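Enquirer: Dumping the structure here so I can ask a few things about it.
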Amino acid sequence: RSYLDTSMDAGKLSRLLKDLLRDEQGLDIQNKINGLRDQVAKNNPEGFEAAQKQLSELTKQLREGSIGYGLSRTESLLLNKIGGQIFFGNGLVTELENIFLFRSFEILQKVDEYKDKRGAFVRKSRQLLGALDEIGITEYRPELYEVGLVLPGTEGELDVLPERIRELKMLLSTVSEITGVEKKNLRIDRVSSGTLEFFSLQPAEVALLLSSLFLNITQIWGKIIRLRKKSDGFASDEDFSSETRQLVQTLIKQETKKIKTEILEKLPEEMLKNSEKLDAGRKNEIGIQIRISLRAVFTWFEVGAEIDITPIRMAEKQERSEREAENISTVQNANIALNQIYQLPLEDRKMPFLLSDGKDEAEKPEDAVSIKEEPSPKKSGEGQS
């Protein structure tokens, strides 16, 4: 049944708090921060070295066994709303790493301030969870993976919103057919109240192929960002001649074209690798659908829409198999990579070219990766009467 439930976000918050507090107890996080602090307090090279080693070990444990390290986008936003983004998972690691960038005599004070704030947040989280339980809020813990599309307010217009939902449906339909999963799950199972967030419950096969796709997309996005940085560097470096700048522009255009080929040709090929059940004709049709969906995904990035993949969250007494643990880890890795893109300002999410349904289109001049062209130097006598 598809529904809009005003208590659903509270149920999701209840589950998130339970999972994070389970991380806290199971990994003994606060005590490990206390141990790290004690090493820093020795105020000698050996103590700082031991503290750094303990931080590396804690980071490894969080990456391998923490729910909080690879939160989905909506889980991250929910944690951010209650002020806990720096106290769990990747936020915790980043905060401690930043503290160790301070001068040695400042680190102890910064660690103390952080662990006190974190301890207070953990206590308040337990109180909040208790209050939610007391008023009868039931945790939201579905037995399938949850794939969602989080839209900014600008996408709420009536001529835009249905298009975004259709794009999500096509993406899920295409991935379902590739994986051989029945399309009966192609529906909106949950709509978050007060926001433009739409969710569909999907089996592991769909969530895994989507995660693989988005990991590949984030890698491509990384190439685009690096090209932009290099382009900006050459554009502002007056040590290069006009000829050199034009040569660099040509090379950047060539690399940009390769990226476009990678998106429109290599990504569909990669997705269709394990689709033995599809005949050649249907594979070709699915390839077209993949290109349409890829265009939609990059459009989502540009307008500020965000993909959300929440893996199955096991209840406290549930045991997960090794395969399930690997699947969840795959989705979490995709979430970490996607969240890095979502930290970028919208102007940095623009594509350097237009994506069609596979047909080549001209580059967008205002968004092109290439640096500004400079006029070629005139030859002797050129333009003179």
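If you're wondering about the labels, chains in the structure tokens are A, B, ... by order shown, residues count from 1 in each chain, ligands from 1 in order shown.
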Thr59 (chain A): which residues within 9 Å, counting only C-alpha atoms, same-chain residues fewer than 4 positions away excluded, as a list of chain:residue names?
Expert: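 Final neighbour list, sorted by chain and number: A:Gln54, A:Leu55, A:Arg63, A:Glu64, A:Gly89, A:Asn90, A:Leu92, A:Val93.
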Enquirer: Go ahead and write the selection's residues with C-alpha atoms as an mmCIF file, in the first residue's frame.
Expert:
data_model
loop_
_atom_site.group_PDB
_atom_site.id
_atom_site.type_symbol
_atom_site.label_atom_id
_atom_site.label_comp_id
_atom_site.auth_asym_id
_atom_site.auth_seq_id
_atom_site.Cartn_x
_atom_site.Cartn_y
_atom_site.Cartn_z
ATOM 1 C CA GLN A 54 44.133 4.778 17.749
ATOM 2 C CA LEU A 55 42.247 7.180 15.468
ATOM 3 C CA ARG A 63 34.066 1.839 8.139
ATOM 4 C CA GLU A 64 33.752 -1.908 8.533
ATOM 5 C CA GLY A 89 30.268 7.795 11.265
ATOM 6 C CA ASN A 90 32.165 9.800 8.688
ATOM 7 C CA LEU A 92 33.028 11.796 13.640
ATOM 8 C CA VAL A 93 36.168 10.772 11.759
#
Enquirer: Quick one: everything within 10 Å of Ile225 (chain A), counting only C-alpha atoms, minus sequence neighbours fewer than 2 positions away in the same chain. Send it as a PyMOL selection string.
Expert: chain A and resi 219-223+227-231+348-351+369
Enquirer: Of the residues A:Asn339, A:Glu243, A:Glu182, A:Gly65, which is the one nearest to Gly91 (chain A), using only C-alpha atoms?
Expert: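 Looking at the shortest contact to Gly91 (chain A), the residue is A:Asn339.
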Enquirer: Please measure the separation of CA of Lys169 (chain A) and CA of Arg187 (chain A), giving the value in Å to one decimal.
Expert: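 One can read the CA of Lys169 (chain A) to CA of Arg187 (chain A) distance as 7.7 Å.
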Enquirer: Quick one: of A:Gln289, A:Asn333, A:Asn43, A:Ser321, who's nearest to Met170 (chain A), counting only C-alpha atoms?
Expert: A:Gln289
Enquirer: As JSON, numbers by chain, which residues of region 86-273 of chain A does DSSP assign to strand (DSSP E or B)?
Expert: {"A": [145, 146, 147, 148, 149, 150, 151, 190, 191, 196, 197, 198, 199, 200, 201, 202]}
Enquirer: Which of these residues is nearest to Lys42 (chain A), using only C-alpha atoms: A:Leu149, A:Ile82, A:Leu62, A:Ile107?
Expert: A:Ile107
Enquirer: Please tabulate, as CSV, the residues of region 274-348 of chain A that come within 12 Å of region 256-262 of chain A, each with its closest pair of atoms and the distance in Å to one decimal, counting only C-alpha atoms and ordering rows by chain, then residue number upward.
Expert:
residue,atom,partner,partner_atom,distance
A:Arg291,CA,A:Thr261,CA,11.2
A:Leu294,CA,A:Lys260,CA,11.2
A:Arg295,CA,A:Lys260,CA,11.0
A:Phe298,CA,A:Lys260,CA,11.8
Enquirer: Could you tell me which of A:Val303, A:Leu251, A:Leu58, A:Ala207 comes closest to Leu344 (chain A) if we count only C-alpha atoms?
Expert: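 Ranking A:Val303, A:Leu251, A:Leu58, A:Ala207 by distance to Leu344 (chain A), first place goes to A:Val303.
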Enquirer: Excluding Ala337 (chain A) and residues on its chain fewer than 6 positions from it, collect all residues at most 9 Å away from it, counting only C-alpha atoms, and give them as a PDB file with N, CA and C atoms, in the first residue's frame.
Expert:
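Writing the result to result-v4.pdb gives the following:
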ATOM      1  N   PHE A 214      25.757   4.274  -9.561  1.00  0.00           N
ATOM      2  CA  PHE A 214      26.049   5.578  -8.966  1.00  0.00           C
ATOM      3  C   PHE A 214      27.509   5.704  -8.536  1.00  0.00           C
ATOM      4  N   LEU A 215      28.129   4.591  -8.163  1.00  0.00           N
ATOM      5  CA  LEU A 215      29.569   4.633  -7.891  1.00  0.00           C
ATOM      6  C   LEU A 215      30.332   5.011  -9.150  1.00  0.00           C
ATOM      7  N   THR A 218      29.810   8.734  -9.876  1.00  0.00           N
ATOM      8  CA  THR A 218      30.600   9.629  -9.019  1.00  0.00           C
ATOM      9  C   THR A 218      32.061   9.668  -9.468  1.00  0.00           C
ATOM     10  N   GLN A 219      32.567   8.535  -9.977  1.00  0.00           N
ATOM     11  CA  GLN A 219      33.935   8.527 -10.491  1.00  0.00           C
ATOM     12  C   GLN A 219      34.045   9.417 -11.729  1.00  0.00           C
TER      13      GLN A 219
END
Enquirer: Under the rule that only C-alpha atoms are counted, which of A:Glu24, A:Asp9, A:Glu57, A:Glu269 is the nearest residue to Ile137 (chain A)?
Expert: A:Asp9
Enquirer: Quick one: pull the distance between CA of Asp23 (chain A) and CA of Ser66 (chain A), Å, one decimal.
Expert: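 Pair CA of Asp23 (chain A) / CA of Ser66 (chain A) returns 5.9 Å.
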Enquirer: Closest to Met314 (chain A) among A:Ile263, A:Pro142, A:Asn284, A:Glu46, using only C-alpha atoms?
Expert: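 So, comparing all the options, the nearest one is A:Pro142.
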Enquirer: As number ranges by chain, please: every residue in region 114-308 of chain A that a backbone DSSP assignment puts in alpha helix (DSSP H).
Expert: A: 114-134, 161-179, 204-235, 242-261, 267-271, 280-303
